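First comes the structure, then the notes that go with it.
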Amino acid sequence: METTQKKVPGPEDRDPVDISCAADTLLRKLWGQWKTHVIYVLGDHRTCRFGMLRRQITGISPKVLTTRLRELEADGLVWREQENTIPPKVTYGLTETGLAVHAVLKNIEKIEF
């Protein structure tokens, strides 16, 4: 006759996706090439038009910049304002949450590696 002990589930048995952590949520929103750079530039300039952003972020393609801006806007870090002119005038800036992230990025900049 064989007996088995029932294992008591511990924290290591939980699915990591189910763990609620503000830092993890933020890092997932920032994950992706250029996102932190876009936030950094927008935070330094407060508001930017698309062309200025593209000039400030050397090496980014217009398609990728558009994609990253849309993702950051969907995540609530960037706001977008469009004036219905020809051509449309679109201005981007950081939300309050985006400004808080920018402040963290500026603090990270001070760390020496």
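Note on naming: chains are A, B, ... as they come in the structure tokens, residues start from 1 per chain, ligands start from 1 in the order shown.
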
Applying 10 Å and only C-alpha atoms, which residues near Val101 in chain A remain after dropping the ones on its own chain fewer than 3 positions away? List them as a VMD selection string. chain A and resid 26 30 36 39 to 40 43 77 94 to 98 104 to 107

Where does range 62-93 of chain A meet range 48-57 of chain A within 12 Å, residue by residue, with the nearest atom pair and distance in Å to one decimal for each, counting only C-alpha atoms, listed by chain and rising number, as a tab-separated table?
```
residue	atom	partner	partner_atom	distance
A:Pro62	CA	A:Arg54	CA	7.1
A:Lys63	CA	A:Arg54	CA	10.5
A:Val64	CA	A:Arg54	CA	10.2
A:Leu65	CA	A:Arg54	CA	7.3
A:Thr66	CA	A:Phe50	CA	8.5
A:Arg68	CA	A:Leu53	CA	11.7
A:Leu69	CA	A:Phe50	CA	9.5
A:Val78	CA	A:Cys48	CA	11.1
A:Trp79	CA	A:Cys48	CA	10.8
A:Arg80	CA	A:Arg49	CA	9.6
A:Glu81	CA	A:Arg49	CA	9.6
A:Gln82	CA	A:Arg49	CA	10.0
A:Glu83	CA	A:Arg49	CA	11.5
A:Pro88	CA	A:Arg49	CA	10.7
A:Lys89	CA	A:Arg49	CA	7.6
A:Val90	CA	A:Arg49	CA	5.9
A:Thr91	CA	A:Arg49	CA	4.5
A:Tyr92	CA	A:Cys48	CA	5.3
A:Gly93	CA	A:Cys48	CA	6.5
```

Run DSSP on the backbone and give me the residues of chain A it puts in helix (DSSP H, G or I), as a ChimeraX atom specification. /A:11-13,16-18,22-30,35-45,50-56,62-74,96-109

For a quick check of understanding, using only C-alpha atoms, which of A:Asn84, A:Gly76, A:Cys21, A:His102 has the smallest distance to Val38 in chain A?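 Of A:Asn84, A:Gly76, A:Cys21, A:His102, the one nearest Val38 in chain A, counting only C-alpha atoms, is A:His102.
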
Determine which residues of chain A DSSP labels as strand (DSSP E) from the backbone of this structure, then write them out as a PyMOL selection string. chain A and resi 47-49+78-83+89-94

Computed interatomic separation between CA of Gln33 in chain A and CA of Ala100 in chain A (Å):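 So the two atoms, CA of Gln33 in chain A and CA of Ala100 in chain A, lie 19.8 Å apart.
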